[in-house]
$ cat final04.cif   # mmCIF, C-alpha atoms
data_coords
loop_
_atom_site.group_PDB
_atom_site.id
_atom_site.type_symbol
_atom_site.label_atom_id
_atom_site.label_comp_id
_atom_site.auth_asym_id
_atom_site.auth_seq_id
_atom_site.Cartn_x
_atom_site.Cartn_y
_atom_site.Cartn_z
ATOM 1 C CA MET U 1240 172.959 143.431 128.682
ATOM 2 C CA MET U 1241 170.632 146.280 129.517
ATOM 3 C CA SER U 1242 171.301 149.619 131.123
ATOM 4 C CA TRP U 1243 170.036 149.856 134.657
ATOM 5 C CA LYS U 1244 167.183 152.357 134.540
ATOM 6 C CA ARG U 1245 165.832 154.168 137.550
ATOM 7 C CA LYS U 1246 162.127 154.769 137.937
ATOM 8 C CA THR U 1247 160.135 156.441 140.635
ATOM 9 C CA GLY U 1248 157.099 154.792 142.160
ATOM 10 C CA SER U 1249 155.954 151.221 141.687
ATOM 11 C CA GLY U 1250 156.284 149.390 138.411
ATOM 12 C CA GLY U 1251 154.697 146.136 137.386
ATOM 13 C CA GLY U 1252 156.496 142.830 137.213
ATOM 14 C CA GLY U 1253 159.855 143.764 138.700
ATOM 15 C CA ALA U 1254 161.376 143.764 142.142
ATOM 16 C CA GLU U 1255 162.164 147.121 143.692
ATOM 17 C CA SER U 1256 165.269 147.906 145.670
ATOM 18 C CA PRO U 1257 166.432 151.231 147.076
ATOM 19 C CA THR U 1258 169.320 152.984 145.407
ATOM 20 C CA ARG U 1259 172.196 153.926 147.691
ATOM 21 C CA GLY U 1260 172.737 157.687 147.736
ATOM 22 C CA ALA U 1261 169.478 158.440 145.914
ATOM 23 C CA ALA U 1262 166.347 160.098 147.197
ATOM 24 C CA LYS U 1263 164.254 157.765 149.340
ATOM 25 C CA GLU U 1264 161.322 157.798 146.928
ATOM 26 C CA GLU U 1265 163.523 156.844 143.975
ATOM 27 C CA LYS U 1266 163.542 153.107 143.322
ATOM 28 C CA VAL U 1267 165.373 150.864 140.921
ATOM 29 C CA VAL U 1268 162.976 148.571 139.108
ATOM 30 C CA VAL U 1269 164.621 145.303 138.164
ATOM 31 C CA PRO U 1270 162.704 143.403 135.490
ATOM 32 C CA ARG U 1271 161.809 139.800 136.287
ATOM 33 C CA GLY U 1272 164.551 137.436 135.115
ATOM 34 C CA HIS U 1273 167.422 139.928 135.497
ATOM 35 C CA VAL U 1274 170.128 140.577 138.087
ATOM 36 C CA PRO U 1275 171.478 144.099 138.681
ATOM 37 C CA MET U 1276 175.273 144.395 138.683
ATOM 38 C CA LEU U 1277 177.743 147.216 139.102
ATOM 39 C CA LEU U 1278 180.823 146.991 136.883
ATOM 40 C CA ALA U 1279 183.502 148.233 139.244
ATOM 41 C CA GLY U 1280 186.331 148.039 136.707
ATOM 42 C CA GLY U 1281 188.739 146.609 139.265
ATOM 43 C CA ASP U 1282 188.559 149.689 141.498
ATOM 44 C CA ASP U 1283 188.243 149.779 145.270
ATOM 45 C CA GLY U 1284 184.690 148.412 145.177
ATOM 46 C CA GLY U 1285 182.877 151.708 145.597
ATOM 47 C CA ASP U 1286 179.433 152.453 144.245
ATOM 48 C CA HIS U 1287 180.688 154.089 141.067
ATOM 49 C CA GLY U 1288 180.854 152.276 137.757
ATOM 50 C CA GLU U 1289 178.447 151.207 135.070
ATOM 51 C CA ARG U 1290 175.182 149.707 136.268
ATOM 52 C CA VAL U 1291 173.788 146.887 134.134
ATOM 53 C CA LEU U 1292 171.017 144.294 134.190
ATOM 54 C CA VAL U 1293 172.067 140.767 133.286
ATOM 55 C CA PRO U 1294 169.595 138.041 132.246
ATOM 56 C CA VAL U 1295 169.513 135.265 134.862
ATOM 57 C CA ARG U 1296 169.826 132.589 132.148
ATOM 58 C CA LEU U 1297 173.404 133.756 131.484
ATOM 59 C CA LEU U 1298 174.631 133.330 135.077
ATOM 60 C CA SER U 1299 175.527 129.654 134.548
ATOM 61 C CA ASP U 1300 177.725 130.351 131.510
ATOM 62 C CA PRO U 1301 181.360 129.415 132.352
ATOM 63 C CA SER U 1302 182.709 132.859 131.376
ATOM 64 C CA VAL U 1303 180.133 134.645 133.528
ATOM 65 C CA VAL U 1304 180.770 132.206 136.389
ATOM 66 C CA GLU U 1305 184.460 133.115 136.180
ATOM 67 C CA LEU U 1306 183.614 136.826 136.593
ATOM 68 C CA LEU U 1307 181.316 136.022 139.515
ATOM 69 C CA ASP U 1308 184.131 134.005 141.134
ATOM 70 C CA MET U 1309 186.438 137.022 140.715
ATOM 71 C CA ALA U 1310 183.787 139.200 142.380
ATOM 72 C CA ALA U 1311 183.534 136.745 145.291
ATOM 73 C CA GLN U 1312 187.317 136.686 145.711
ATOM 74 C CA GLN U 1313 187.645 140.466 145.637
ATOM 75 C CA TYR U 1314 184.509 141.549 147.534
ATOM 76 C CA GLY U 1315 183.328 138.398 149.316
ATOM 77 C CA TYR U 1316 179.963 136.685 149.237
ATOM 78 C CA GLY U 1317 178.295 139.115 151.639
ATOM 79 C CA GLN U 1318 178.311 142.194 149.419
ATOM 80 C CA PRO U 1319 175.788 144.751 150.660
ATOM 81 C CA GLY U 1320 173.492 146.168 147.996
ATOM 82 C CA VAL U 1321 174.041 145.511 144.320
ATOM 83 C CA LEU U 1322 176.472 142.824 143.118
ATOM 84 C CA ARG U 1323 179.807 144.434 142.200
ATOM 85 C CA VAL U 1324 181.901 142.798 139.483
ATOM 86 C CA PRO U 1325 185.597 143.784 139.095
ATOM 87 C CA CYS U 1326 185.455 144.148 135.321
ATOM 88 C CA ASP U 1327 185.448 147.032 132.860
ATOM 89 C CA ALA U 1328 182.338 147.519 130.708
ATOM 90 C CA GLY U 1329 184.025 146.586 127.416
ATOM 91 C CA HIS U 1330 185.272 143.231 128.658
ATOM 92 C CA PHE U 1331 181.967 142.523 130.405
ATOM 93 C CA ARG U 1332 180.070 143.153 127.158
ATOM 94 C CA GLN U 1333 182.392 140.731 125.328
ATOM 95 C CA VAL U 1334 181.787 138.056 127.972
ATOM 96 C CA LEU U 1335 178.007 138.538 127.819
ATOM 97 C CA ASP U 1336 178.006 138.574 124.008
ATOM 98 C CA GLY U 1337 179.806 135.221 124.045
ATOM 99 C CA ALA U 1338 177.425 133.840 126.668
ATOM 100 C CA MET U 1339 174.352 135.024 124.728
ATOM 101 C CA HIS U 1340 175.731 133.510 121.534
ATOM 102 C CA ARG U 1341 176.356 130.153 123.257
ATOM 103 C CA ARG U 1342 173.001 130.117 125.086
ATOM 104 C CA CYS U 1343 170.671 131.792 122.633
ATOM 105 C CA GLY U 1344 172.497 132.084 119.328
ATOM 106 C CA ILE U 1345 172.307 135.884 119.435
ATOM 107 C CA SER U 1346 174.605 138.850 120.013
ATOM 108 C CA SER U 1347 173.753 142.033 121.927
ATOM 109 C CA SER U 1348 176.019 144.142 119.686
ATOM 110 C CA ALA U 1349 173.723 143.756 116.658
#
$ encode --input "final04.cif" --output "structure tokens"
Amino acid sequence: MMSWKRKTGSGGGGAESPTRGAAKEEKVVVPRGHVPMLLAGGDDGGDHGERVLVPVRLLSDPSVVELLDMAAQQYGYGQPGVLRVPCDAGHFRQVLDGAMHRRCGISSSA
């Protein structure tokens, strides 16, 4: 799991999407092969929480799918903007560590 970094201007290789509440010229550069998510921690679904980038290859892991199903149940499939996940950062890291270990044989906490 990577922190979601904000950059201004155009960057190479990633898709750009505007950041809600940020200056118009400020863009979020999402590296190819990653999905931006907002860890809402089970709150009301606002735009506050930890922003993370998740490798696409982990989205089919059963534990990650379960979190995505929870997000769909709580916020619906038509979420505007970034994908919100009702999960605190600590639990999310544990889920991704398990998924990375199962898929790649590595851990992000090393």
$ resolve_selection --input "final04.cif" --expression "the PyMOL selection byres ((chain U and resi 1300) around 10)" --output "count of residues only"
16
$ resolve_selection --input "final04.cif" --expression "the PyMOL selection byres ((chain U and resi 1330) around 12)" --output "CSV table (one decimal) with C-alpha atoms, in the coordinates of the input"
chain,number,residue,atom,x,y,z
U,1278,LEU,CA,180.8,147.0,136.9
U,1279,ALA,CA,183.5,148.2,139.2
U,1280,GLY,CA,186.3,148.0,136.7
U,1281,GLY,CA,188.7,146.6,139.3
U,1302,SER,CA,182.7,132.9,131.4
U,1303,VAL,CA,180.1,134.6,133.5
U,1306,LEU,CA,183.6,136.8,136.6
U,1324,VAL,CA,181.9,142.8,139.5
U,1325,PRO,CA,185.6,143.8,139.1
U,1326,CYS,CA,185.5,144.1,135.3
U,1327,ASP,CA,185.4,147.0,132.9
U,1328,ALA,CA,182.3,147.5,130.7
U,1329,GLY,CA,184.0,146.6,127.4
U,1331,PHE,CA,182.0,142.5,130.4
U,1332,ARG,CA,180.1,143.2,127.2
U,1333,GLN,CA,182.4,140.7,125.3
U,1334,VAL,CA,181.8,138.1,128.0
U,1335,LEU,CA,178.0,138.5,127.8
U,1336,ASP,CA,178.0,138.6,124.0
U,1337,GLY,CA,179.8,135.2,124.0
$ atom_distance --input "final04.cif" --atom1 "atom CA of Pro1275 of chain U" --atom2 "atom CA of Asp1308 of chain U"
16.4 Å
$ atom_distance --input "final04.cif" --atom1 "atom CA of His1287 of chain U" --atom2 "atom CA of Gly1272 of chain U"
23.9 Å
$ closest_residue --input "final04.cif" --among "U:Tyr1314, U:Leu1307, U:His1340, U:Val1321" --to "Val1269 of chain U" --atoms "all atoms listed in the file"
U:Val1321
$ resolve_selection --input "final04.cif" --expression "the PyMOL selection byres ((chain U and resi 1293) around 6)" --output "list in words"
Met1240, His1273, Val1274, Leu1292 and Pro1294 of chain U
$ atom_distance --input "final04.cif" --atom1 "atom CA of Gly1320 of chain U" --atom2 "atom CA of Pro1270 of chain U"
16.7 Å
$ closest_residue --input "final04.cif" --among "U:Val1267, U:Ala1311, U:Val1291, U:Met1276" --to "Arg1323 of chain U" --atoms "all atoms listed in the file"
U:Met1276
$ closest_residue --input "final04.cif" --among "U:Leu1277, U:Met1309, U:Cys1343, U:Leu1322" --to "Arg1290 of chain U" --atoms "only C-alpha atoms"
U:Leu1277
$ axis_aligned_box --input "final04.cif" --around "segment 1271-1277 of chain U" --padding-each-side "8 Å" --output "AutoDock Vina command-line options"
--center_x 169.8 --center_y 142.3 --center_z 137.1 --size_x 31.9 --size_y 25.8 --size_z 20.0
